[in-house]
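Dropping start.txt in here (compact mmCIF, C-alpha atoms):
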# COMPACT_ATOMS: atom_id res chain seq x y z
CA MET A 1 -197.20 -28.52 38.09
CA SER A 2 -194.80 -31.24 37.03
CA GLU A 3 -195.88 -34.80 37.78
CA ALA A 4 -192.43 -36.11 38.68
CA LYS A 5 -192.05 -34.02 41.86
CA GLU A 6 -194.14 -34.00 45.01
CA GLY A 7 -195.80 -30.75 46.14
CA GLN A 8 -194.29 -27.31 45.64
CA GLN A 9 -190.62 -27.65 44.73
CA HIS A 10 -188.80 -24.65 43.37
CA PRO A 11 -185.16 -23.62 43.09
CA LEU A 12 -183.63 -22.23 46.31
CA ALA A 13 -182.46 -19.09 44.49
CA ILE A 14 -185.98 -17.72 44.09
CA TYR A 15 -186.57 -17.85 47.88
CA LEU A 16 -183.25 -16.15 48.59
CA TRP A 17 -183.99 -13.34 46.11
CA ILE A 18 -187.47 -12.75 47.53
CA TRP A 19 -186.02 -12.81 51.06
CA LEU A 20 -183.51 -10.12 50.10
CA LEU A 21 -186.24 -8.11 48.38
CA LEU A 22 -188.41 -8.22 51.54
CA PHE A 23 -185.48 -6.87 53.55
CA VAL A 24 -184.97 -4.03 51.09
CA LEU A 25 -188.69 -3.15 51.02
CA SER A 26 -188.87 -3.18 54.85
CA THR A 27 -185.86 -0.90 55.03
CA PHE A 28 -187.56 1.47 52.56
CA SER A 29 -190.77 1.59 54.62
CA TYR A 30 -188.74 2.26 57.77
CA LEU A 31 -186.86 5.06 55.99
CA VAL A 32 -190.21 6.69 55.08
CA ASP A 33 -190.66 7.24 58.83
CA TYR A 34 -187.02 7.96 59.56
CA PHE A 35 -186.87 10.86 57.08
CA HIS A 36 -190.25 12.21 58.31
CA LEU A 37 -191.91 12.22 54.89
CA HIS A 38 -195.37 13.78 55.04
CA GLY A 39 -198.73 13.91 53.29
CA MET A 40 -199.60 12.05 50.12
CA LEU A 41 -195.98 11.04 49.46
CA ARG A 42 -195.75 9.28 52.84
CA TRP A 43 -199.09 7.47 52.52
CA SER A 44 -198.58 6.35 48.92
CA LEU A 45 -195.07 5.04 49.69
CA ILE A 46 -196.30 3.16 52.81
CA ILE A 47 -199.15 1.55 50.82
CA LEU A 48 -196.87 0.74 47.87
CA PHE A 49 -194.20 -1.00 50.00
CA MET A 50 -196.90 -2.77 52.05
CA LEU A 51 -198.67 -4.18 48.98
CA LEU A 52 -195.39 -5.25 47.35
CA LYS A 53 -194.29 -7.09 50.51
CA ALA A 54 -197.68 -8.73 50.99
CA GLY A 55 -197.79 -9.72 47.31
CA PHE A 56 -194.36 -11.36 47.35
CA ILE A 57 -195.07 -13.24 50.60
CA VAL A 58 -198.38 -14.64 49.30
CA ALA A 59 -197.20 -15.33 45.73
CA ILE A 60 -193.76 -16.85 46.38
CA PHE A 61 -193.37 -17.86 50.05
CA MET A 62 -196.94 -19.18 50.29
CA HIS A 63 -196.70 -20.61 46.74
CA MET A 64 -199.94 -19.00 45.60
CA ALA A 65 -198.37 -18.14 42.22
CA TRP A 66 -198.06 -21.85 41.41
CA GLU A 67 -201.48 -22.97 42.67
CA ARG A 68 -204.40 -23.65 40.35
CA LEU A 69 -206.77 -20.79 39.58
CA ALA A 70 -209.65 -22.44 41.51
CA LEU A 71 -207.73 -22.14 44.81
CA LYS A 72 -206.44 -18.65 43.95
CA LEU A 73 -209.98 -17.36 43.34
CA ALA A 74 -211.46 -19.13 46.39
CA ILE A 75 -208.88 -17.56 48.74
CA LEU A 76 -208.03 -14.20 47.18
CA LEU A 77 -211.46 -12.94 46.07
CA PRO A 78 -213.46 -13.07 49.37
CA PRO A 79 -211.19 -10.52 51.17
CA LEU A 80 -212.29 -7.95 48.58
CA CYS A 81 -215.62 -7.63 50.50
CA LEU A 82 -213.52 -6.04 53.23
CA LEU A 83 -213.16 -2.97 51.00
CA VAL A 84 -216.92 -2.42 51.45
CA LEU A 85 -216.53 -2.65 55.25
CA VAL A 86 -213.57 -0.25 55.18
CA GLY A 87 -215.57 2.19 53.02
CA PHE A 88 -218.62 2.10 55.32
CA MET A 89 -216.53 2.47 58.48
CA ALA A 90 -214.58 5.39 57.01
CA ILE A 91 -217.86 7.24 56.27
CA GLU A 92 -219.17 6.30 59.73
CA GLY A 93 -215.97 7.49 61.42
CA ASP A 94 -216.15 10.87 59.66
CA TYR A 95 -219.80 11.24 60.63
CA THR A 96 -219.09 10.43 64.29
CA PHE A 97 -216.24 12.96 64.23
CA LEU A 98 -218.56 15.69 62.90
CA THR A 99 -221.38 14.94 65.37
CA ARG A 100 -218.92 14.83 68.26
CA GLY A 101 -217.53 18.19 67.12
CA ALA A 102 -221.04 19.66 66.94
CA ALA A 103 -222.06 18.26 70.35
CA PHE A 104 -218.93 18.74 72.46
CA LEU A 105 -216.89 21.58 70.91
CA ARG A 106 -219.26 24.48 71.23
CA MET B 1 -203.56 -37.45 38.34
CA ALA B 2 -205.53 -38.01 35.17
CA HIS B 3 -207.54 -34.81 35.22
CA ASP B 4 -204.38 -32.69 35.38
CA ALA B 5 -203.36 -33.88 31.93
CA GLN B 6 -206.81 -33.17 30.48
CA ALA B 7 -207.10 -29.83 32.22
CA ALA B 8 -203.75 -28.61 30.93
CA ALA B 9 -205.36 -28.21 27.51
CA LEU B 10 -208.26 -26.09 28.82
CA SER B 11 -208.23 -22.35 29.47
CA PRO B 12 -207.89 -21.40 33.18
CA LEU B 13 -211.50 -20.20 33.48
CA ARG B 14 -212.80 -23.47 32.00
CA GLN B 15 -210.58 -25.28 34.53
CA VAL B 16 -212.30 -23.34 37.34
CA ALA B 17 -215.75 -24.17 35.96
CA GLY B 18 -214.74 -27.83 35.70
CA ASP B 19 -213.19 -27.92 39.19
CA PHE B 20 -216.22 -26.43 40.92
CA ALA B 21 -218.98 -27.97 38.79
CA SER B 22 -218.04 -31.63 38.97
CA ASP B 23 -219.16 -33.80 41.85
CA ARG B 24 -215.65 -34.41 43.27
CA GLN B 25 -212.70 -32.69 45.00
CA ALA B 26 -212.59 -29.02 43.93
CA PHE B 27 -209.05 -28.17 45.05
CA SER B 28 -206.35 -30.48 43.77
CA VAL B 29 -204.14 -29.92 46.83
CA PRO B 30 -203.81 -32.04 50.00
CA TRP B 31 -206.82 -31.49 52.27
CA GLY B 32 -204.60 -30.08 55.03
CA LYS B 33 -203.40 -27.33 52.74
CA ALA B 34 -206.91 -26.42 51.53
CA MET B 35 -208.16 -26.31 55.15
CA MET B 36 -205.19 -24.18 56.27
CA TRP B 37 -205.91 -21.69 53.48
CA ILE B 38 -209.58 -21.51 54.50
CA PHE B 39 -208.57 -21.00 58.15
CA LEU B 40 -206.18 -18.23 57.08
CA LEU B 41 -209.00 -16.64 55.07
CA SER B 42 -211.15 -16.50 58.21
CA ASP B 43 -208.19 -15.11 60.17
CA THR B 44 -207.79 -12.43 57.48
CA PHE B 45 -211.33 -11.29 58.28
CA ILE B 46 -210.63 -11.18 62.04
CA PHE B 47 -207.49 -9.06 61.67
CA SER B 48 -209.20 -6.86 59.09
CA CYS B 49 -212.02 -6.20 61.56
CA PHE B 50 -209.46 -5.11 64.16
CA LEU B 51 -207.66 -2.83 61.72
CA THR B 52 -210.94 -1.41 60.39
CA SER B 53 -212.19 -0.63 63.91
CA TYR B 54 -208.84 1.02 64.60
CA MET B 55 -209.33 3.18 61.48
CA ASN B 56 -212.86 4.03 62.63
CA VAL B 57 -211.88 5.20 66.13
CA ARG B 58 -208.87 7.08 64.77
CA PHE B 59 -211.16 8.94 62.34
CA SER B 60 -213.78 9.75 64.95
CA THR B 61 -211.71 10.91 67.94
CA LEU B 62 -211.60 14.62 68.75
CA GLN B 63 -208.24 14.40 70.53
CA GLY B 64 -205.03 14.09 68.54
CA TRP B 65 -203.71 10.57 67.89
CA PRO B 66 -200.37 9.92 69.67
CA ASN B 67 -197.47 10.00 67.20
CA PRO B 68 -196.30 6.37 66.93
CA SER B 69 -192.91 7.50 65.65
CA GLN B 70 -192.25 9.13 69.06
CA VAL B 71 -194.21 6.69 71.23
CA PHE B 72 -192.18 3.75 69.95
CA SER B 73 -188.78 5.44 69.88
CA LEU B 74 -185.94 4.12 71.99
CA HIS B 75 -183.23 6.16 73.71
CA ILE B 76 -179.97 4.67 72.42
CA GLY B 77 -176.54 6.28 72.65
CA GLY B 78 -177.83 9.64 73.86
CA GLN B 79 -180.48 10.17 71.17
CA ASP B 80 -184.02 9.05 70.42
CA ILE B 81 -184.22 6.74 67.42
CA PRO B 82 -187.80 6.57 66.09
CA LEU B 83 -189.54 3.19 65.79
CA ILE B 84 -186.23 1.33 66.12
CA LEU B 85 -187.59 -1.58 68.17
CA ILE B 86 -190.47 -2.07 65.73
CA ALA B 87 -188.04 -2.02 62.80
CA ILE B 88 -185.89 -4.70 64.47
CA MET B 89 -189.03 -6.78 65.19
CA THR B 90 -189.99 -6.48 61.52
CA PHE B 91 -186.58 -7.70 60.40
CA VAL B 92 -186.68 -10.60 62.90
CA LEU B 93 -190.05 -11.70 61.52
CA ILE B 94 -188.91 -11.44 57.88
CA THR B 95 -185.78 -13.43 58.70
CA SER B 96 -187.99 -16.12 60.25
CA SER B 97 -190.17 -16.15 57.12
CA GLY B 98 -187.05 -16.77 55.02
CA THR B 99 -185.84 -19.65 57.23
CA MET B 100 -189.38 -21.10 57.07
CA ALA B 101 -189.43 -20.97 53.26
CA LEU B 102 -186.08 -22.79 53.19
CA ALA B 103 -187.35 -25.38 55.71
CA VAL B 104 -190.29 -26.19 53.39
CA ASN B 105 -187.88 -26.46 50.46
CA TYR B 106 -185.47 -28.80 52.26
CA GLY B 107 -188.45 -30.80 53.55
CA TYR B 108 -189.55 -31.63 50.02
CA ARG B 109 -185.95 -32.63 49.22
CA LYS B 110 -186.19 -35.04 52.22
CA HIS B 111 -183.19 -33.29 53.76
CA LYS B 112 -184.24 -34.00 57.34
CA ARG B 113 -181.33 -32.41 59.24
CA ASN B 114 -181.59 -29.07 57.43
CA THR B 115 -185.39 -29.05 57.75
CA VAL B 116 -185.26 -29.60 61.52
CA MET B 117 -182.52 -26.97 62.01
CA LEU B 118 -184.39 -24.39 59.92
CA LEU B 119 -187.70 -25.07 61.70
CA ILE B 120 -186.02 -24.63 65.08
CA ALA B 121 -184.35 -21.43 63.85
CA THR B 122 -187.75 -20.14 62.71
CA ALA B 123 -189.32 -20.96 66.09
CA ALA B 124 -186.39 -19.28 67.90
CA LEU B 125 -186.80 -16.11 65.83
CA GLY B 126 -190.55 -16.19 66.56
CA ALA B 127 -189.84 -16.50 70.29
CA THR B 128 -187.39 -13.56 69.99
CA PHE B 129 -190.17 -11.52 68.37
CA VAL B 130 -192.60 -12.31 71.21
CA GLY B 131 -189.89 -11.42 73.75
CA MET B 132 -189.36 -8.03 72.12
CA GLN B 133 -193.09 -7.48 72.09
CA ALA B 134 -193.24 -8.24 75.83
CA PHE B 135 -190.49 -5.62 76.32
CA GLU B 136 -192.48 -3.10 74.26
CA TRP B 137 -195.68 -3.74 76.23
CA THR B 138 -193.81 -3.40 79.54
CA LYS B 139 -192.26 -0.10 78.44
CA LEU B 140 -195.61 1.34 77.35
CA ILE B 141 -197.44 0.15 80.47
CA MET B 142 -194.73 1.75 82.66
CA GLU B 143 -195.23 4.99 80.73
CA GLY B 144 -198.92 4.90 81.62
CA VAL B 145 -200.59 3.47 78.52
CA ARG B 146 -203.84 1.70 79.41
CA PRO B 147 -206.70 0.40 77.24
CA TRP B 148 -208.74 3.41 78.44
CA GLY B 149 -206.14 6.16 78.27
CA ASN B 150 -202.57 7.33 77.78
CA PRO B 151 -200.50 10.45 78.51
CA TRP B 152 -200.33 11.69 74.89
CA GLY B 153 -203.82 11.98 73.42
CA ALA B 154 -206.71 9.90 72.13
CA PRO B 155 -207.58 7.25 74.77
CA GLN B 156 -208.49 4.75 72.02
CA PHE B 157 -204.78 4.41 71.20
CA GLY B 158 -204.22 1.98 74.07
CA SER B 159 -207.16 -0.31 73.35
CA CYS B 160 -206.22 -0.53 69.64
CA PHE B 161 -202.57 -1.17 70.46
CA PHE B 162 -203.15 -3.91 73.04
CA MET B 163 -205.89 -5.59 71.01
CA ILE B 164 -204.10 -5.68 67.65
CA THR B 165 -200.54 -6.43 68.77
CA GLY B 166 -201.80 -8.78 71.50
CA PHE B 167 -203.82 -10.86 69.07
CA HIS B 168 -200.89 -10.95 66.66
CA GLY B 169 -198.52 -11.91 69.48
CA CYS B 170 -200.83 -14.81 70.41
CA HIS B 171 -200.63 -15.98 66.81
CA VAL B 172 -196.83 -15.86 66.88
CA SER B 173 -196.71 -17.75 70.21
CA ALA B 174 -199.07 -20.44 68.88
CA GLY B 175 -196.94 -20.60 65.73
CA VAL B 176 -193.77 -21.21 67.77
CA ILE B 177 -195.42 -24.22 69.47
CA TYR B 178 -196.78 -25.45 66.11
CA LEU B 179 -193.31 -25.22 64.50
CA LEU B 180 -191.61 -27.03 67.39
CA ILE B 181 -194.11 -29.91 67.11
CA THR B 182 -193.53 -30.04 63.34
CA ALA B 183 -189.75 -30.02 63.89
CA LYS B 184 -190.06 -32.89 66.39
CA ARG B 185 -192.10 -34.92 63.91
CA VAL B 186 -189.64 -34.27 61.07
CA GLY B 187 -186.81 -35.36 63.38
CA SER B 188 -188.56 -38.53 64.54
CA GLY B 189 -189.26 -39.64 60.97
CA PHE B 190 -193.05 -39.22 61.31
CA TYR B 191 -193.33 -37.73 57.82
CA ASP B 192 -191.08 -40.41 56.30
CA LYS B 193 -193.57 -43.03 57.53
CA LYS B 194 -196.42 -40.88 56.21
CA GLY B 195 -194.56 -40.63 52.91
CA THR B 196 -194.98 -36.86 52.48
CA TYR B 197 -193.55 -33.61 53.83
CA GLU B 198 -196.59 -31.56 52.81
CA THR B 199 -197.41 -30.93 56.48
CA VAL B 200 -194.24 -28.80 56.72
CA GLU B 201 -195.57 -26.63 53.90
CA VAL B 202 -198.93 -26.29 55.69
CA ALA B 203 -197.12 -25.14 58.87
CA GLY B 204 -195.19 -22.74 56.61
CA LEU B 205 -198.44 -21.24 55.30
CA TYR B 206 -199.47 -20.38 58.87
CA TRP B 207 -196.09 -18.87 59.66
CA HIS B 208 -195.96 -16.74 56.49
CA PHE B 209 -199.48 -15.53 57.27
CA VAL B 210 -198.32 -14.29 60.69
CA ASP B 211 -195.58 -12.35 58.89
CA LEU B 212 -198.13 -11.10 56.35
CA VAL B 213 -200.40 -9.72 59.08
CA TRP B 214 -197.41 -7.93 60.61
CA VAL B 215 -196.77 -6.20 57.24
CA PHE B 216 -200.24 -4.62 57.49
CA ILE B 217 -199.97 -3.81 61.23
CA PHE B 218 -196.55 -2.20 60.63
CA ALA B 219 -197.91 -0.06 57.79
CA PHE B 220 -201.23 1.01 59.31
CA PHE B 221 -200.56 1.14 63.04
CA TYR B 222 -196.88 2.06 63.35
CA LEU B 223 -196.10 4.05 60.20
CA TRP B 224 -199.41 5.86 59.55
Could you render the structure from this file as structure tokens?
Amino acid sequence: MSEAKEGQQHPLAIYLWIWLLLFVLSTFSYLVDYFHLHGMLRWSLIILFMLLKAGFIVAIFMHMAWERLALKLAILLPPLCLLVLVGFMAIEGDYTFLTRGAAFLR
Amino acid sequence: MAHDAQAAALSPLRQVAGDFASDRQAFSVPWGKAMMWIFLLSDTFIFSCFLTSYMNVRFSTLQGWPNPSQVFSLHIGGQDIPLILIAIMTFVLITSSGTMALAVNYGYRKHKRNTVMLLIATAALGATFVGMQAFEWTKLIMEGVRPWGNPWGAPQFGSCFFMITGFHGCHVSAGVIYLLITAKRVGSGFYDKKGTYETVEVAGLYWHFVDLVWVFIFAFFYLW
């Protein structure tokens, strides 16, 4: 961070490029649906475009790329616990599906 | 700031240890920005809980999940175009994120006129988004979607849809009000008296977060 300037000041061009990139990525994710892609190809493309968009918004538009590591770690690490919740709830959802099948589909 | 110059020589991990270990301010950003980030972190957990519960009920239902591609299609020019309204809403929100980023940039340059215009443009695009969402809700309610059932399959579809998009829509509406207040204060010279335009960046963080949440809702609810 340079001392001469106040806050987060960056050239306009970088925002315009990221803006354009977000448009392109959104168009790609819409086209995944439009062309009825299926299976692993569909899911991996959706996740890829989603993560790229989220990454660019957080890193550039929200200026996280230029913040100090202390703030980056404090904000970006805690959401990783959510992966545990997602894992547990996926197992739980599958289990409920199987018990419902056993109880109601005989 | 003196510690910035010292810290520049240290490795990033040593910086972290120093920032957290010393008995002083840990985050060298304005307090408003640190607090906004912590609020957004808590909001991340709320939206993640909604999306995780949606995943759970979608996994566990015995009936088929309604196909969002067909549910959200619009009949334009004699043919059904899948997800078209949602795609337009996505582009509206991304456009508003771009105008917001430019507003923050012009704010720091003390370019008041451009900042106010861009903030108002962002708020207008946000209001457009909420309007389109109201249209979408009306259409689905007329077609018989309720939180407890719908004509196409798993009854949980309605409760997930209204809960997730409703909560997101509330965030957008609150953001529109927040941006208009910020625009008014930029216009009236409030931040010139305060000597800093950082508050515009803090408002920007909130707005970009609303766009960020939509990225995940679009991927998991509408495209999956």
Skip Asp33 in chain A itself and residues of its chain fewer than 3 positions away, then list as a PyMOL selection string all residues within 12 Å of it, counting only C-alpha atoms. (chain A and resi 26-30+36-39+41-43+45-46) or (chain B and resi 67-70+72-73+81-84+86-87+218-219+222-224)
Now that the selection is made, can you save its residues with C-alpha atoms as a PDB file, in the frame of the given file?
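File out_14.pdb, as written:
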ATOM      1  CA  SER A  26    -188.870  -3.180  54.850  1.00  0.00           C
ATOM      2  CA  THR A  27    -185.860  -0.900  55.030  1.00  0.00           C
ATOM      3  CA  PHE A  28    -187.560   1.470  52.560  1.00  0.00           C
ATOM      4  CA  SER A  29    -190.770   1.590  54.620  1.00  0.00           C
ATOM      5  CA  TYR A  30    -188.740   2.260  57.770  1.00  0.00           C
ATOM      6  CA  HIS A  36    -190.250  12.210  58.310  1.00  0.00           C
ATOM      7  CA  LEU A  37    -191.910  12.220  54.890  1.00  0.00           C
ATOM      8  CA  HIS A  38    -195.370  13.780  55.040  1.00  0.00           C
ATOM      9  CA  GLY A  39    -198.730  13.910  53.290  1.00  0.00           C
ATOM     10  CA  LEU A  41    -195.980  11.040  49.460  1.00  0.00           C
ATOM     11  CA  ARG A  42    -195.750   9.280  52.840  1.00  0.00           C
ATOM     12  CA  TRP A  43    -199.090   7.470  52.520  1.00  0.00           C
ATOM     13  CA  LEU A  45    -195.070   5.040  49.690  1.00  0.00           C
ATOM     14  CA  ILE A  46    -196.300   3.160  52.810  1.00  0.00           C
TER      15      ILE A  46
ATOM     16  CA  ASN B  67    -197.470  10.000  67.200  1.00  0.00           C
ATOM     17  CA  PRO B  68    -196.300   6.370  66.930  1.00  0.00           C
ATOM     18  CA  SER B  69    -192.910   7.500  65.650  1.00  0.00           C
ATOM     19  CA  GLN B  70    -192.250   9.130  69.060  1.00  0.00           C
ATOM     20  CA  PHE B  72    -192.180   3.750  69.950  1.00  0.00           C
ATOM     21  CA  SER B  73    -188.780   5.440  69.880  1.00  0.00           C
ATOM     22  CA  ILE B  81    -184.220   6.740  67.420  1.00  0.00           C
ATOM     23  CA  PRO B  82    -187.800   6.570  66.090  1.00  0.00           C
ATOM     24  CA  LEU B  83    -189.540   3.190  65.790  1.00  0.00           C
ATOM     25  CA  ILE B  84    -186.230   1.330  66.120  1.00  0.00           C
ATOM     26  CA  ILE B  86    -190.470  -2.070  65.730  1.00  0.00           C
ATOM     27  CA  ALA B  87    -188.040  -2.020  62.800  1.00  0.00           C
ATOM     28  CA  PHE B 218    -196.550  -2.200  60.630  1.00  0.00           C
ATOM     29  CA  ALA B 219    -197.910  -0.060  57.790  1.00  0.00           C
ATOM     30  CA  TYR B 222    -196.880   2.060  63.350  1.00  0.00           C
ATOM     31  CA  LEU B 223    -196.100   4.050  60.200  1.00  0.00           C
ATOM     32  CA  TRP B 224    -199.410   5.860  59.550  1.00  0.00           C
TER      33      TRP B 224
END
Which residues of chain B come within 6 Å of chain A, and for each one, what is the closest pair of atoms and their distance in Å to one decimal, counting only C-alpha atoms, sorted by chain and residue number, as JSON lines?
{"residue": "B:Val16", "atom": "CA", "partner": "A:Ala70", "partner_atom": "CA", "distance": 5.0}
{"residue": "B:Thr52", "atom": "CA", "partner": "A:Val86", "partner_atom": "CA", "distance": 6.0}
{"residue": "B:Asn56", "atom": "CA", "partner": "A:Gly93", "partner_atom": "CA", "distance": 4.8}
{"residue": "B:Phe59", "atom": "CA", "partner": "A:Gly93", "partner_atom": "CA", "distance": 5.1}
{"residue": "B:Ser60", "atom": "CA", "partner": "A:Phe97", "partner_atom": "CA", "distance": 4.1}
{"residue": "B:Gly98", "atom": "CA", "partner": "A:Trp19", "partner_atom": "CA", "distance": 5.7}
{"residue": "B:Ala101", "atom": "CA", "partner": "A:Phe61", "partner_atom": "CA", "distance": 6.0}
{"residue": "B:Leu205", "atom": "CA", "partner": "A:Met62", "partner_atom": "CA", "distance": 5.6}
{"residue": "B:Leu212", "atom": "CA", "partner": "A:Ala54", "partner_atom": "CA", "distance": 5.9}
Dump C-alpha atoms for the selected residues as a PDB file, keeping the file's coordinate frame?
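Wrote it out as again-v8.pdb, contents follow:
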ATOM      1  CA  VAL B  16    -212.300 -23.340  37.340  1.00  0.00           C
ATOM      2  CA  THR B  52    -210.940  -1.410  60.390  1.00  0.00           C
ATOM      3  CA  ASN B  56    -212.860   4.030  62.630  1.00  0.00           C
ATOM      4  CA  PHE B  59    -211.160   8.940  62.340  1.00  0.00           C
ATOM      5  CA  SER B  60    -213.780   9.750  64.950  1.00  0.00           C
ATOM      6  CA  GLY B  98    -187.050 -16.770  55.020  1.00  0.00           C
ATOM      7  CA  ALA B 101    -189.430 -20.970  53.260  1.00  0.00           C
ATOM      8  CA  LEU B 205    -198.440 -21.240  55.300  1.00  0.00           C
ATOM      9  CA  LEU B 212    -198.130 -11.100  56.350  1.00  0.00           C
TER      10      LEU B 212
END
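The closest residue to Ala59 in chain A, picked from B:Tyr197, B:Ala26, B:Met55, B:His208 and counting all atoms listed in the file, is B:His208.
Here CA of Val186 in chain B and CA of Val116 in chain B stand 6.4 Å from one another.
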Radius query 12 Å about (-190.5, -20.1, 64.3), atoms used: only C-alpha atoms, as a PyMOL selection string: chain B and resi 92-101+103+116-130+171-183+203-204+206-208+210-211
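We find CA of Gln63 in chain B and CA of Gly149 in chain B to be spaced 11.5 Å apart.
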Write out N, CA and C atoms for range 49-68 of chain B, as a JSON list (two decimals), keeping the file's coordinate frame.
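Writing done, so here's result-v3.json:
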[["chain", "number", "residue", "atom", "x", "y", "z"],
["B", 49, "CYS", "N", -211.04, -6.87, 60.69],
["B", 49, "CYS", "CA", -212.02, -6.20, 61.56],
["B", 49, "CYS", "C", -211.30, -5.35, 62.61],
["B", 50, "PHE", "N", -210.22, -5.89, 63.19],
["B", 50, "PHE", "CA", -209.46, -5.11, 64.16],
["B", 50, "PHE", "C", -208.90, -3.84, 63.53],
["B", 51, "LEU", "N", -208.29, -4.00, 62.35],
["B", 51, "LEU", "CA", -207.66, -2.83, 61.72],
["B", 51, "LEU", "C", -208.71, -1.82, 61.26],
["B", 52, "THR", "N", -209.88, -2.32, 60.82],
["B", 52, "THR", "CA", -210.94, -1.41, 60.39],
["B", 52, "THR", "C", -211.51, -0.65, 61.59],
["B", 53, "SER", "N", -211.67, -1.34, 62.74],
["B", 53, "SER", "CA", -212.19, -0.63, 63.91],
["B", 53, "SER", "C", -211.18, 0.39, 64.39],
["B", 54, "TYR", "N", -209.89, 0.05, 64.26],
["B", 54, "TYR", "CA", -208.84, 1.02, 64.60],
["B", 54, "TYR", "C", -208.95, 2.26, 63.72],
["B", 55, "MET", "N", -209.16, 2.05, 62.40],
["B", 55, "MET", "CA", -209.33, 3.18, 61.48],
["B", 55, "MET", "C", -210.54, 4.02, 61.91],
["B", 56, "ASN", "N", -211.64, 3.33, 62.26],
["B", 56, "ASN", "CA", -212.86, 4.03, 62.63],
["B", 56, "ASN", "C", -212.66, 4.90, 63.86],
["B", 57, "VAL", "N", -212.03, 4.37, 64.93],
["B", 57, "VAL", "CA", -211.88, 5.20, 66.13],
["B", 57, "VAL", "C", -210.84, 6.30, 65.90],
["B", 58, "ARG", "N", -209.87, 6.03, 65.02],
["B", 58, "ARG", "CA", -208.87, 7.08, 64.77],
["B", 58, "ARG", "C", -209.49, 8.23, 63.98],
["B", 59, "PHE", "N", -210.43, 7.90, 63.09],
["B", 59, "PHE", "CA", -211.16, 8.94, 62.34],
["B", 59, "PHE", "C", -212.03, 9.76, 63.26],
["B", 60, "SER", "N", -212.68, 9.09, 64.25],
["B", 60, "SER", "CA", -213.78, 9.75, 64.95],
["B", 60, "SER", "C", -213.35, 10.45, 66.23],
["B", 61, "THR", "N", -212.09, 10.29, 66.66],
["B", 61, "THR", "CA", -211.71, 10.91, 67.94],
["B", 61, "THR", "C", -211.45, 12.41, 67.77],
["B", 62, "LEU", "N", -211.83, 13.17, 68.81],
["B", 62, "LEU", "CA", -211.60, 14.62, 68.75],
["B", 62, "LEU", "C", -210.20, 14.99, 69.21],
["B", 63, "GLN", "N", -209.61, 14.13, 70.09],
["B", 63, "GLN", "CA", -208.24, 14.40, 70.53],
["B", 63, "GLN", "C", -207.24, 13.94, 69.47],
["B", 64, "GLY", "N", -206.05, 14.50, 69.50],
["B", 64, "GLY", "CA", -205.03, 14.09, 68.54],
["B", 64, "GLY", "C", -204.57, 12.66, 68.81],
["B", 65, "TRP", "N", -204.21, 11.95, 67.72],
["B", 65, "TRP", "CA", -203.71, 10.57, 67.89],
["B", 65, "TRP", "C", -202.24, 10.65, 68.28],
["B", 66, "PRO", "N", -201.80, 9.88, 69.31],
["B", 66, "PRO", "CA", -200.37, 9.92, 69.67],
["B", 66, "PRO", "C", -199.49, 9.57, 68.47],
["B", 67, "ASN", "N", -198.36, 10.24, 68.34],
["B", 67, "ASN", "CA", -197.47, 10.00, 67.20],
["B", 67, "ASN", "C", -196.65, 8.72, 67.43],
["B", 68, "PRO", "N", -196.98, 7.64, 66.66],
["B", 68, "PRO", "CA", -196.30, 6.37, 66.93],
["B", 68, "PRO", "C", -194.79, 6.46, 66.77]]
